[in-house]
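Asks: My structure is stored as start10.tsv, with TSV, C-alpha atoms and all ligand atoms.
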chain	number	residue	atom	x	y	z
K	55	MET	CA	181.42	188.13	28.70
K	56	ASN	CA	183.36	184.86	28.49
K	57	VAL	CA	187.04	184.56	27.58
K	58	LEU	CA	186.31	183.69	23.93
K	59	GLU	CA	184.08	186.74	23.49
K	60	MET	CA	186.73	188.90	25.11
K	61	LEU	CA	189.38	187.55	22.78
K	62	GLU	CA	187.21	188.34	19.77
K	63	ASN	CA	186.60	191.87	21.05
K	64	GLN	CA	190.19	192.73	21.80
K	65	SER	CA	192.38	194.48	19.35
K	66	SER	CA	195.92	193.19	19.17
K	67	LEU	CA	199.12	194.96	20.09
K	68	PRO	CA	199.61	197.94	17.73
K	69	GLU	CA	202.64	197.72	15.41
K	70	ARG	CA	204.40	200.74	16.94
K	71	TYR	CA	205.02	198.87	20.21
K	72	LYS	CA	206.72	196.01	18.38
K	73	THR	CA	209.55	198.18	17.13
K	74	MET	CA	209.93	200.71	19.97
K	75	ALA	CA	213.27	200.77	21.77
K	76	ILE	CA	213.25	199.24	25.26
K	77	ALA	CA	214.63	202.42	26.85
K	78	GLU	CA	211.82	204.47	25.34
K	79	MET	CA	209.16	202.03	26.52
K	80	GLU	CA	210.62	202.05	30.03
K	81	GLN	CA	210.68	205.85	30.09
K	82	ARG	CA	207.05	206.06	28.95
K	83	VAL	CA	205.88	203.56	31.60
K	84	LYS	CA	207.69	205.61	34.29
K	85	GLU	CA	206.03	208.83	33.11
K	86	ILE	CA	202.56	207.30	33.05
K	87	LYS	CA	203.04	205.89	36.55
K	88	GLU	CA	203.99	209.35	37.77
K	89	TYR	CA	201.05	210.90	35.93
K	90	PHE	CA	198.46	208.61	37.55
K	91	GLY	CA	200.10	208.32	40.98
K	92	GLU	CA	197.84	206.45	43.43
K	93	LYS	CA	195.08	206.19	40.83
K	94	LEU	CA	197.06	203.43	39.16
K	95	TYR	CA	198.10	200.19	40.86
K	96	ILE	CA	200.27	197.52	39.24
K	97	PRO	CA	200.41	194.19	41.11
K	98	GLY	CA	202.92	191.64	39.76
K	99	HIS	CA	203.03	187.89	40.41
K	100	HIS	CA	206.46	186.45	41.25
K	101	TYR	CA	206.42	184.47	37.97
K	102	GLN	CA	206.39	187.62	35.81
K	103	LYS	CA	209.38	188.66	33.69
K	104	ASP	CA	211.89	191.18	35.07
K	105	GLU	CA	211.03	193.67	32.30
K	106	VAL	CA	207.54	193.87	33.81
K	107	ILE	CA	208.18	193.19	37.49
K	108	GLN	CA	210.48	196.26	37.69
K	109	PHE	CA	207.33	198.40	37.39
K	110	ALA	CA	205.15	196.48	39.85
K	111	ASP	CA	203.91	198.48	42.86
K	112	SER	CA	203.66	195.20	44.79
K	113	THR	CA	204.93	191.73	44.06
K	114	GLY	CA	203.60	188.59	45.67
K	115	ASP	CA	202.23	185.10	45.38
K	116	SER	CA	198.56	184.45	44.64
K	117	LEU	CA	197.50	184.86	48.26
K	118	GLN	CA	199.38	188.11	48.83
K	119	LEU	CA	198.09	189.61	45.58
K	120	ALA	CA	194.49	188.70	46.44
K	121	GLN	CA	194.91	190.31	49.88
K	122	LEU	CA	196.45	193.46	48.40
K	123	ALA	CA	193.69	193.79	45.78
K	124	ALA	CA	191.07	193.51	48.53
K	125	GLU	CA	192.79	196.25	50.56
K	126	ASN	CA	193.31	198.74	47.73
K	127	GLN	CA	190.73	201.54	47.77
K	128	SER	CA	192.56	204.34	46.00
K	129	ALA	CA	193.32	203.04	42.51
K	130	ASP	CA	190.88	203.65	39.66
K	131	TYR	CA	192.91	201.32	37.45
K	132	ILE	CA	194.51	198.02	38.46
K	133	VAL	CA	196.79	196.82	35.70
K	134	PHE	CA	197.37	193.21	36.67
K	135	CYS	CA	200.66	191.62	35.72
K	136	GLY	CA	199.80	187.97	36.17
K	137	VAL	CA	197.32	185.61	34.54
K	138	HIS	CA	193.59	185.74	33.81
K	139	PHE	CA	192.29	184.04	36.99
K	140	MET	CA	194.32	186.47	39.13
K	141	ALA	CA	192.83	189.47	37.33
K	142	GLU	CA	189.34	187.99	37.80
K	143	THR	CA	190.04	187.60	41.51
K	144	ALA	CA	191.18	191.22	41.68
K	145	ASP	CA	187.98	192.36	39.94
K	146	ILE	CA	185.84	190.36	42.38
K	147	LEU	CA	187.64	191.81	45.41
K	148	THR	CA	187.78	195.45	44.29
K	149	GLY	CA	185.05	198.10	44.12
K	150	ASP	CA	182.76	198.87	41.16
K	151	HIS	CA	184.62	202.14	40.56
K	152	GLN	CA	187.88	200.22	39.96
K	153	ALA	CA	188.72	198.76	36.54
K	154	VAL	CA	191.00	195.72	36.30
K	155	VAL	CA	193.08	195.41	33.14
K	156	LEU	CA	195.07	192.37	31.95
K	157	PRO	CA	197.67	193.75	29.48
K	158	ASP	CA	197.38	190.67	27.23
K	159	LEU	CA	194.13	188.68	27.32
K	160	ARG	CA	195.98	185.61	26.07
K	161	ALA	CA	197.65	185.32	29.50
K	162	GLY	CA	195.53	182.39	30.68
K	163	CYS	CA	196.44	179.37	32.81
K	164	SER	CA	196.33	175.85	31.40
K	165	MET	CA	195.54	174.45	34.86
K	166	ALA	CA	192.54	176.76	35.37
K	167	ASP	CA	191.30	175.72	31.91
K	168	MET	CA	191.22	172.07	33.05
K	169	ALA	CA	188.03	172.63	35.06
K	170	ASP	CA	185.03	174.23	33.40
K	171	ILE	CA	181.72	174.86	35.10
K	172	HIS	CA	179.73	172.51	32.84
K	173	GLN	CA	182.08	169.65	33.68
K	174	LEU	CA	181.75	170.52	37.37
K	175	ASN	CA	177.93	170.65	37.30
K	176	ARG	CA	177.87	167.27	35.55
K	177	GLY	CA	180.44	165.70	37.88
K	178	TRP	CA	178.84	167.12	41.03
K	179	LYS	CA	175.52	165.45	40.17
K	180	ILE	CA	177.21	162.05	39.90
K	181	MET	CA	179.17	162.67	43.11
K	182	GLN	CA	175.97	163.60	44.97
K	183	GLU	CA	174.30	160.41	43.74
K	184	GLN	CA	177.29	158.40	44.95
K	185	PHE	CA	178.00	160.13	48.29
K	186	GLY	CA	174.89	162.19	49.14
K	187	ASP	CA	175.33	165.56	50.80
K	188	THR	CA	178.73	164.75	52.34
K	189	ILE	CA	181.07	166.75	50.05
K	190	LEU	CA	182.49	170.26	50.40
K	191	PRO	CA	184.08	171.77	47.26
K	192	LEU	CA	187.41	173.56	47.65
K	193	THR	CA	189.07	175.23	44.69
K	194	TYR	CA	192.61	176.38	44.23
K	195	VAL	CA	192.52	180.09	43.27
K	196	ASN	CA	193.99	178.93	39.96
K	197	SER	CA	190.46	178.46	38.62
K	198	THR	CA	187.81	180.43	36.73
K	199	ALA	CA	185.44	182.78	38.53
K	200	SER	CA	182.55	180.37	37.76
K	201	ILE	CA	184.30	177.52	39.57
K	202	LYS	CA	184.93	179.80	42.56
K	203	ALA	CA	181.26	180.84	42.46
K	204	PHE	CA	180.19	177.18	42.50
K	205	CYS	CA	182.33	176.60	45.60
K	206	GLY	CA	181.01	179.77	47.25
K	207	SER	CA	177.38	178.82	46.71
K	208	HIS	CA	177.95	175.26	47.99
K	209	GLY	CA	179.50	176.30	51.33
K	210	GLY	CA	183.07	175.87	50.07
K	211	ALA	CA	186.07	178.12	49.71
K	212	THR	CA	189.15	178.95	47.69
K	213	VAL	CA	192.68	178.00	48.75
K	214	THR	CA	196.15	179.00	47.64
K	215	SER	CA	199.35	177.04	47.96
K	216	SER	CA	200.16	179.16	51.05
K	217	ASN	CA	197.07	178.17	53.01
K	218	ALA	CA	195.87	174.89	51.47
K	219	GLU	CA	196.59	172.92	54.66
K	220	LYS	CA	194.71	175.35	56.90
K	221	MET	CA	191.75	175.43	54.49
K	222	LEU	CA	191.60	171.65	54.11
K	223	LYS	CA	191.54	171.28	57.92
K	224	TRP	CA	188.68	173.78	58.07
K	225	ALA	CA	186.85	172.00	55.24
K	226	PHE	CA	186.85	168.75	57.21
K	227	THR	CA	185.04	170.53	60.06
K	228	GLN	CA	182.23	171.23	57.57
K	229	LYS	CA	181.76	167.96	55.69
K	230	GLU	CA	183.18	164.43	55.77
K	231	ARG	CA	184.48	164.51	52.16
K	232	ILE	CA	186.28	167.16	50.12
K	233	LEU	CA	186.27	167.75	46.38
K	234	PHE	CA	189.55	169.52	45.59
K	235	LEU	CA	189.97	171.16	42.19
K	236	PRO	CA	191.49	171.77	39.71
K	237	ASP	CA	195.04	170.69	40.78
K	238	GLN	CA	195.20	167.05	41.80
K	239	HIS	CA	198.81	167.42	42.95
K	240	LEU	CA	198.29	170.30	45.38
K	241	GLY	CA	195.22	168.46	46.70
K	242	ARG	CA	197.03	165.15	47.10
K	243	ASN	CA	200.17	166.66	48.64
K	244	THR	CA	198.17	168.74	51.12
K	245	ALA	CA	195.82	165.93	52.15
K	246	TYR	CA	198.78	163.56	52.57
K	247	ASP	CA	200.53	166.06	54.85
K	248	LEU	CA	197.37	166.12	56.98
K	249	GLY	CA	197.64	162.35	57.44
K	250	ILE	CA	195.06	161.20	54.90
K	251	PRO	CA	196.35	158.01	53.26
K	252	LEU	CA	196.62	157.88	49.46
K	253	GLU	CA	194.16	154.93	49.49
K	254	LYS	CA	191.45	157.34	50.68
K	255	MET	CA	191.90	159.69	47.73
K	256	ALA	CA	190.08	159.13	44.43
K	257	VAL	CA	190.76	160.98	41.19
K	258	TRP	CA	187.76	162.41	39.32
K	259	ASN	CA	188.19	162.28	35.55
K	260	PRO	CA	186.07	165.15	34.18
K	261	ILE	CA	186.38	164.01	30.56
K	262	GLU	CA	185.18	160.44	31.14
K	263	ASN	CA	182.95	161.38	34.10
K	264	THR	CA	184.36	158.54	36.19
K	265	PHE	CA	186.29	157.97	39.38
K	266	GLU	CA	189.79	156.60	38.95
K	267	TYR	CA	189.88	154.48	42.08
K	268	GLU	CA	190.56	150.85	42.90
K	269	GLY	CA	188.93	150.37	46.33
K	270	ASN	CA	185.49	150.77	47.89
K	271	LEU	CA	184.25	154.30	47.09
K	272	GLU	CA	182.66	154.61	50.53
K	273	ASP	CA	186.22	154.90	51.97
K	274	VAL	CA	187.04	157.99	49.91
K	275	GLN	CA	187.75	161.17	51.89
K	276	VAL	CA	189.23	163.37	49.18
K	277	ILE	CA	188.13	163.56	45.55
K	278	LEU	CA	190.92	165.05	43.41
K	279	TRP	CA	189.96	166.74	40.14
K	280	LYS	CA	192.22	165.44	37.35
K	281	GLY	CA	194.02	168.70	36.57
K	282	HIS	CA	197.65	169.75	36.79
K	283	CYS	CA	200.12	172.55	36.13
K	284	SER	CA	201.99	171.89	32.90
K	285	VAL	CA	204.98	173.85	34.26
K	286	HIS	CA	205.39	172.08	37.62
K	287	GLU	CA	204.72	168.63	36.16
K	288	LYS	CA	208.01	168.98	34.27
K	289	PHE	CA	210.02	168.35	37.44
K	290	THR	CA	210.59	164.61	37.61
K	291	VAL	CA	211.86	161.85	39.87
K	292	GLN	CA	214.72	161.42	37.33
K	293	ASN	CA	215.75	165.08	37.88
K	294	ILE	CA	216.00	164.40	41.63
K	295	GLU	CA	217.82	161.07	41.27
K	296	HIS	CA	220.33	162.66	38.89
K	297	LEU	CA	221.02	165.52	41.29
K	298	ARG	CA	221.35	163.22	44.32
K	299	LYS	CA	224.07	161.32	42.41
K	300	THR	CA	225.93	164.27	40.90
K	301	ASN	CA	225.53	166.86	43.66
K	302	PRO	CA	224.46	165.22	46.91
K	303	GLU	CA	224.93	168.40	48.97
K	304	MET	CA	222.14	170.21	47.13
K	305	ASN	CA	218.97	170.92	49.11
K	306	ILE	CA	215.95	170.28	46.91
K	307	ILE	CA	212.93	172.54	47.38
K	308	VAL	CA	209.80	172.26	45.22
K	309	HIS	CA	206.33	173.78	44.80
K	310	PRO	CA	203.41	171.52	45.86
K	311	GLU	CA	202.01	171.68	42.30
K	312	CYS	CA	204.73	169.08	41.57
K	313	THR	CA	203.69	165.41	41.61
K	314	ARG	CA	203.47	163.43	44.89
K	315	GLU	CA	206.55	161.38	43.90
K	316	VAL	CA	208.66	164.52	43.39
K	317	VAL	CA	207.45	166.16	46.61
K	318	GLU	CA	208.15	162.91	48.49
K	319	LEU	CA	211.78	162.81	47.32
K	320	ALA	CA	212.47	166.55	47.73
K	321	ASP	CA	213.85	167.93	51.00
K	322	MET	CA	211.18	170.62	51.28
K	323	ALA	CA	207.98	171.66	49.55
K	324	GLY	CA	205.96	174.85	49.84
K	325	SER	CA	204.32	177.79	48.12
K	326	THR	CA	206.11	180.35	46.00
K	327	ASN	CA	206.44	182.58	49.04
K	328	TYR	CA	207.76	179.73	51.19
K	329	ILE	CA	210.45	179.00	48.58
K	330	ILE	CA	211.52	182.67	48.44
K	331	GLN	CA	211.67	182.96	52.25
K	332	THR	CA	213.55	179.67	52.69
K	333	ILE	CA	216.30	180.70	50.26
K	334	GLU	CA	216.46	184.19	51.76
K	335	ASN	CA	217.00	182.74	55.24
K	336	ALA	CA	219.49	180.07	54.12
K	337	PRO	CA	223.15	180.49	55.07
K	338	SER	CA	225.68	181.90	52.63
K	339	GLY	CA	227.35	179.15	50.62
K	340	SER	CA	224.39	176.76	50.86
K	341	LYS	CA	223.33	174.84	47.73
K	342	TRP	CA	219.80	174.73	46.35
K	343	ALA	CA	217.92	173.12	43.47
K	344	ILE	CA	214.52	174.73	43.01
K	345	GLY	CA	211.48	173.15	41.39
K	346	THR	CA	209.27	176.03	40.34
K	347	GLU	CA	208.66	178.55	37.54
K	348	MET	CA	211.81	179.72	35.74
K	349	ASN	CA	211.39	183.53	35.81
K	350	LEU	CA	211.25	183.27	39.59
K	351	VAL	CA	214.15	180.81	39.82
K	352	ASN	CA	216.33	183.13	37.69
K	353	ARG	CA	215.40	186.11	39.90
K	354	ILE	CA	216.27	184.13	43.04
K	355	ILE	CA	219.61	183.11	41.46
K	356	ASN	CA	220.39	186.76	40.61
K	357	THR	CA	219.51	188.11	44.05
K	358	HIS	CA	221.44	185.47	46.03
K	359	LYS	CA	224.88	185.38	44.46
K	360	ASP	CA	226.32	184.13	47.77
K	361	LYS	CA	224.45	180.81	47.36
K	362	GLU	CA	224.72	178.11	44.70
K	363	ILE	CA	221.28	177.86	43.11
K	364	VAL	CA	220.06	175.92	40.07
K	365	SER	CA	216.74	174.84	38.58
K	366	LEU	CA	215.85	171.26	39.52
K	367	ASN	CA	215.20	170.67	35.82
K	368	PRO	CA	218.09	172.14	33.79
K	369	HIS	CA	215.91	172.30	30.66
K	370	MET	CA	213.07	174.22	32.28
K	371	CYS	CA	211.27	177.10	30.51
K	372	PRO	CA	209.20	179.91	32.07
K	373	CYS	CA	205.39	179.64	32.23
K	374	LEU	CA	204.44	180.62	28.67
K	375	THR	CA	201.15	182.27	29.59
K	376	MET	CA	202.69	184.32	32.41
K	377	ASN	CA	205.26	185.43	29.82
K	378	ARG	CA	202.59	186.89	27.56
K	379	ILE	CA	202.65	189.97	29.78
K	380	ASP	CA	205.66	191.84	28.47
K	381	LEU	CA	206.84	195.43	28.37
K	382	PRO	CA	205.11	196.31	25.04
K	383	HIS	CA	201.73	195.01	26.29
K	384	LEU	CA	202.15	196.79	29.63
K	385	LEU	CA	202.92	200.08	27.90
K	386	TRP	CA	200.02	199.63	25.47
K	387	ALA	CA	197.58	199.09	28.37
K	388	LEU	CA	198.94	202.12	30.25
K	389	GLU	CA	199.00	204.48	27.25
K	390	SER	CA	195.44	203.48	26.40
K	391	LEU	CA	194.36	204.41	29.94
K	392	LYS	CA	196.11	207.76	29.61
K	393	ASP	CA	194.16	208.31	26.35
K	394	GLY	CA	190.95	207.61	28.28
K	395	LYS	CA	190.44	204.10	26.86
K	396	VAL	CA	190.26	200.99	29.06
K	397	ILE	CA	191.49	198.06	26.97
K	398	ASN	CA	191.51	194.39	27.94
K	399	GLN	CA	189.32	194.95	30.98
K	400	ILE	CA	188.47	191.89	33.09
K	401	LYS	CA	184.89	192.12	34.34
K	402	VAL	CA	183.19	189.30	36.18
K	403	ASP	CA	179.36	189.46	36.08
K	404	ASP	CA	177.56	190.41	39.31
K	405	THR	CA	176.03	187.02	40.17
K	406	THR	CA	179.25	185.10	39.59
K	407	SER	CA	181.19	187.77	41.44
K	408	HIS	CA	178.87	187.63	44.46
K	409	ASP	CA	179.15	183.84	44.86
K	410	ALA	CA	182.87	183.72	44.08
K	411	LYS	CA	183.42	186.39	46.75
K	412	LEU	CA	181.80	184.10	49.33
K	413	ALA	CA	184.47	181.49	48.56
K	414	LEU	CA	187.30	184.04	48.57
K	415	ASP	CA	186.11	185.69	51.80
K	416	ARG	CA	185.98	182.33	53.58
K	417	MET	CA	189.66	181.95	52.68
K	418	LEU	CA	190.75	185.54	53.36
K	419	SER	CA	189.10	185.58	56.80
K	420	ARG	CA	191.25	182.57	57.75
K	421	ALA	CA	194.46	183.52	55.90
Z	1	LIG	P1	201.27	180.58	44.22
Z	1	LIG	O1	201.49	181.99	43.85
Z	1	LIG	O2	200.04	180.42	45.07
Z	1	LIG	O3	202.45	179.90	44.81
Z	1	LIG	O4	200.86	179.79	42.87
Z	1	LIG	C1	201.75	179.41	41.93
Z	1	LIG	C2	201.19	179.47	40.57
Z	1	LIG	O5	201.31	178.54	39.82
Z	1	LIG	C3	200.54	180.67	40.15
Z	1	LIG	O6	200.06	180.50	38.88
Z	2	LIG	FE1	198.97	178.15	35.49
Z	2	LIG	FE2	201.09	176.63	36.13
Z	2	LIG	FE3	201.45	178.88	34.73
Z	2	LIG	FE4	200.74	178.99	37.33
Z	2	LIG	S1	202.65	178.20	36.50
Z	2	LIG	S2	199.87	180.19	35.62
Z	2	LIG	S3	199.42	177.17	37.48
Z	2	LIG	S4	200.28	177.03	34.06
Translate this structure into structure tokens?
Ligand code: 13P
Ligand code: SF4

Replies:
Amino acid sequence: MNVLEMLENQSSLPERYKTMAIAEMEQRVKEIKEYFGEKLYIPGHHYQKDEVIQFADSTGDSLQLAQLAAENQSADYIVFCGVHFMAETADILTGDHQAVVLPDLRAGCSMADMADIHQLNRGWKIMQEQFGDTILPLTYVNSTASIKAFCGSHGGATVTSSNAEKMLKWAFTQKERILFLPDQHLGRNTAYDLGIPLEKMAVWNPIENTFEYEGNLEDVQVILWKGHCSVHEKFTVQNIEHLRKTNPEMNIIVHPECTREVVELADMAGSTNYIIQTIENAPSGSKWAIGTEMNLVNRIINTHKDKEIVSLNPHMCPCLTMNRIDLPHLLWALESLKDGKVINQIKVDDTTSHDAKLALDRMLSRA
């Protein structure tokens, strides 16, 4: 079933949850968690709202949540507080007896939507004609299960922002060129850190089916799919220049989904987990401007009152699709399970799941 079919099949949030008091919803979630015990597992991505994350059995970045899903044997129900591609990954990595539920099926990811399998099949054919069998596909986990399956069945792997460098190094032991999708920025930032010059990176435009590249294509080592995160692209060079002028003592730390120019000017760049750890280990009184998703930045601000922390972009909003998972949807999903009804289940078909697992396993065995 594709996402559109799932959306048509889903019923929407019943009225009663829209008017229920927060305290009552919280109490009901607590009771259902107690009722199911180990049979229920709620993973929560760091970008989720506090009203949801307070009920997560584990919190983590994409890599940690994929590892935890793969390890979990005991839960019959995995109610995933994150976005669609994360729930798909959990379904691929868990057993057939385990059902993965996404409390609101509208919780997608605009970056993952920037690469569809038909575009990839079309683009791959042109790339093979241009470069022959010299390319290994690597996909950021922020991608659909079909894209992961394509990578798995072509010898490639998935990566997350925590292990992109390690995986890119490995990829170059397999083939002389890499296709990195769907996030051009993570691909470019990682390849650059490995010493690959920008002149050896071409951008693949999947709408026009063309390379965006000035030089001789034979020199290309990394092909970057033209996709991006609409949240992280909102951190700009102007934000950094303004901060350097007004508050020069601030350390600037950003996620590698930000543009090359922003990463270049920042003091540090790294995955969600790297950002959390860096601030945790920073001395009391230190000053930080963070360039990542706002729910997480607010949580970091609230847990480190001894440090001065701001968002790199003062007008930043949370990731809207992550925010679709809220307390009413979580309670609705849980109460439905208690009534014996699995709503909003994420189920990847067997063939796609098999091939996507090849790509995920190649990553997890090296993580
Ligand atoms: P990580 O959890 O890998 O840092 O990814 C960030 C992100 O944008 C998730 O959607
Ligand atoms: Fe997708 Fe960006 Fe939101 Fe992550 S933060 S879910 S990459 S849109």

Asks: Please report, as CSV, each residue of stretch 346-397 of chain K lying at most 10 Å from stretch 80-88 of chain K, together with the nearest pair of atoms and the separation in Å rounded to one decimal; use all atoms listed in the file, and order rows by chain and ascending residue number.

Replies:
residue,atom,partner,partner_atom,distance
K:Leu381,CA,K:Glu80,CA,7.8
K:Pro382,CA,K:Glu80,CA,9.4
K:Leu384,CA,K:Val83,CA,8.0
K:Leu385,CA,K:Val83,CA,5.9
K:Trp386,CA,K:Val83,CA,9.3
K:Ala387,CA,K:Val83,CA,10.0
K:Leu388,CA,K:Ile86,CA,6.9
K:Glu389,CA,K:Ile86,CA,7.4
K:Leu391,CA,K:Ile86,CA,9.2
K:Lys392,CA,K:Ile86,CA,7.3

Asks: Neighbours of ligand LIG 2 (chain Z) at 7 Å or closer, counting only C-alpha atoms and all ligand atoms: which residues, as a PyMOL selection string?

Replies: chain K and resi 137+162-166+196+283-286+347+373-376

Asks: Go through K:Glu272, K:Asp393, K:Asp380, K:Glu303 and flag the residue nearest K:Met79, using only C-alpha atoms for the distances.

Replies: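 Answer, going by the shortest atom-to-atom distance: K:Asp380.
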
Asks: Skipping near chain neighbours, those fewer than 6 positions away, what residues fall within 12 Å of K:Arg353 using all atoms listed in the file, listed as a PyMOL selection string?

Replies: chain K and resi 100-105+107-108+330+333+344+346-347+359+363-365+372

Asks: For ligand LIG 1 (chain Z), return the neighbouring residues as a short mmCIF file (atom, residue, chain, number, x, y, z; two decimals) with C-alpha atoms, keeping the file's coordinate frame (distance at most 6 Å; all atoms listed in the file).

Replies:
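Dumped everything to part.cif:
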data_model
loop_
_atom_site.label_atom_id
_atom_site.label_comp_id
_atom_site.auth_asym_id
_atom_site.auth_seq_id
_atom_site.Cartn_x
_atom_site.Cartn_y
_atom_site.Cartn_z
CA ASP K 115 202.23 185.10 45.38
CA SER K 116 198.56 184.45 44.64
CA THR K 214 196.15 179.00 47.64
CA SER K 215 199.35 177.04 47.96
CA SER K 325 204.32 177.79 48.12
CA THR K 326 206.11 180.35 46.00
#

Asks: State, in Å with one decimal place, the distance from atom CA of K:Val317 to atom CA of K:Ile354.

Replies: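 Taking atom CA of K:Val317 and atom CA of K:Ile354, their separation equals 20.3 Å.
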